[in-house]
Amino acid sequence: GRTPEAVEKDTKKKQKKGKVSKEEQAAALTELKEAVAEAKSLGKNFCVKTFQGAGVDGKSLREAAQGGEFEIAVMVLNQPSPKALECLAAVPEALQSEKAAGKWVQAALATVGGKGGGQPAFAQGAAKGVEKEALQVAAEAARNF
């Protein structure tokens with residue numbers, strides 16, 4: 001195998017790159033599920049959740065959505081670094097005609113010069129070189145979509 005030093009060096013490299021630990025990802029997903037539950041309790045059919053940092057990744061969002069955990073349209077906006085914005089959306093079939101994920105992502109990112117797209121059920125996109133307030137601007141556009 002590899003020396004513990006080599007493994008540790010790799011781990012440090014990953015952390016520098018902004019890779020997120022499983023714990024952080026799980027915590028972000030829990031936070032998202034709480035936001036979704038709150039939106040549902042308020043009678044909303046969608047939830048837009050922002051994360052300063054890596055937030056929820058596409059794989060986690062897709063798995064949760066496919067597992068039927070949300071029942072409403074969910075958008076995640078992550079700001080992994082001050083100049084970058086990631087956008088992910090998962091929309092259940094019943095809501096795809098009014099909030100297709102691809103169009104929703106495009107609408108949110110258009111406000112901050114980003115691009116994205118995908119299927120009505122799942123879409124993603126990103127914006128680079130954004131302003132500090134991009135997270136709020138995109139979130140606002142997504143809420144008004």
# chains A, B, ... in the order shown; residues from 1 in each chain; ligands from 1
>>> residues_around(residues="Ala84 of chain A", least_positions_apart="4", cutoff="9 Å", atoms="only C-alpha atoms", output="list of chain:residue names")
A:Asn78, A:Gln79, A:Pro80, A:Ala126, A:Ala127, A:Lys128, A:Gly129, A:Val130, A:Glu131, A:Ala134
>>> select_by_dssp(residues="chain A", states="strand (DSSP E or B)", output="PyMOL selection string")
chain A and resi 46-53+73-81+84-90+115-118+122-128
>>> closest_residue(among="A:Leu95, A:Ala54, A:Ala138, A:Ala39", to="Thr111 of chain A", atoms="only C-alpha atoms")
A:Ala138
>>> residues_around(residues="Leu135 of chain A", least_positions_apart="4", cutoff="7 Å", atoms="only C-alpha atoms", output="number ranges by chain")
A: 50, 77, 79, 85, 139
>>> write_last_selection(atoms="N, CA, C and O atoms", output="PDB file, in the first residue's frame")
ATOM      1  N   THR A  50     -29.762  28.424  -0.147  1.00  0.00           N
ATOM      2  CA  THR A  50     -28.421  28.893  -0.490  1.00  0.00           C
ATOM      3  C   THR A  50     -27.403  28.378   0.524  1.00  0.00           C
ATOM      4  O   THR A  50     -27.719  28.222   1.711  1.00  0.00           O
ATOM      5  N   LEU A  77     -28.378  26.626  -4.350  1.00  0.00           N
ATOM      6  CA  LEU A  77     -27.368  27.548  -4.868  1.00  0.00           C
ATOM      7  C   LEU A  77     -26.182  27.514  -3.915  1.00  0.00           C
ATOM      8  O   LEU A  77     -26.325  27.835  -2.732  1.00  0.00           O
ATOM      9  N   GLN A  79     -22.180  28.671  -3.117  1.00  0.00           N
ATOM     10  CA  GLN A  79     -21.102  29.598  -3.472  1.00  0.00           C
ATOM     11  C   GLN A  79     -19.796  29.020  -2.910  1.00  0.00           C
ATOM     12  O   GLN A  79     -19.358  29.388  -1.824  1.00  0.00           O
ATOM     13  N   LEU A  85     -20.430  30.381  -8.465  1.00  0.00           N
ATOM     14  CA  LEU A  85     -21.773  30.025  -8.021  1.00  0.00           C
ATOM     15  C   LEU A  85     -22.186  28.753  -8.746  1.00  0.00           C
ATOM     16  O   LEU A  85     -21.980  28.634  -9.950  1.00  0.00           O
ATOM     17  N   ALA A 139     -30.792  33.696  -6.008  1.00  0.00           N
ATOM     18  CA  ALA A 139     -31.835  33.094  -5.172  1.00  0.00           C
ATOM     19  C   ALA A 139     -33.154  33.843  -5.334  1.00  0.00           C
ATOM     20  O   ALA A 139     -34.225  33.257  -5.426  1.00  0.00           O
TER      21      ALA A 139
END
>>> residues_around(residues="Gln25 of chain A", least_positions_apart="5", cutoff="7 Å", atoms="only C-alpha atoms", output="VMD selection string")
chain A and resid 20 55 to 56
>>> residues_around(residues="Leu29 of chain A", least_positions_apart="4", cutoff="10 Å", atoms="only C-alpha atoms", output="NGL selection string")
:A and (23-25 or 33-35 or 55-57 or 60-61 or 64)
>>> write_last_selection(atoms="C-alpha atoms", output="short mmCIF file (atom, residue, chain, number, x, y, z; two decimals), in the first residue's frame")
data_model
loop_
_atom_site.label_atom_id
_atom_site.label_comp_id
_atom_site.auth_asym_id
_atom_site.auth_seq_id
_atom_site.Cartn_x
_atom_site.Cartn_y
_atom_site.Cartn_z
CA GLU A 23 -19.80 14.93 7.31
CA GLU A 24 -20.06 18.41 5.82
CA GLN A 25 -22.08 17.06 2.91
CA LYS A 33 -34.20 18.80 4.13
CA GLU A 34 -35.14 21.07 7.03
CA ALA A 35 -35.61 24.01 4.63
CA GLY A 55 -23.20 23.04 0.10
CA VAL A 56 -25.11 20.14 -1.40
CA ASP A 57 -23.64 18.44 -4.46
CA SER A 60 -26.77 14.07 -3.11
CA LEU A 61 -29.58 16.24 -4.45
CA ALA A 64 -32.68 12.58 -2.35
#
>>> closest_residue(among="A:Gly67, A:Gly53, A:Met75, A:Gln96", to="Leu32 of chain A", atoms="only C-alpha atoms")
A:Met75
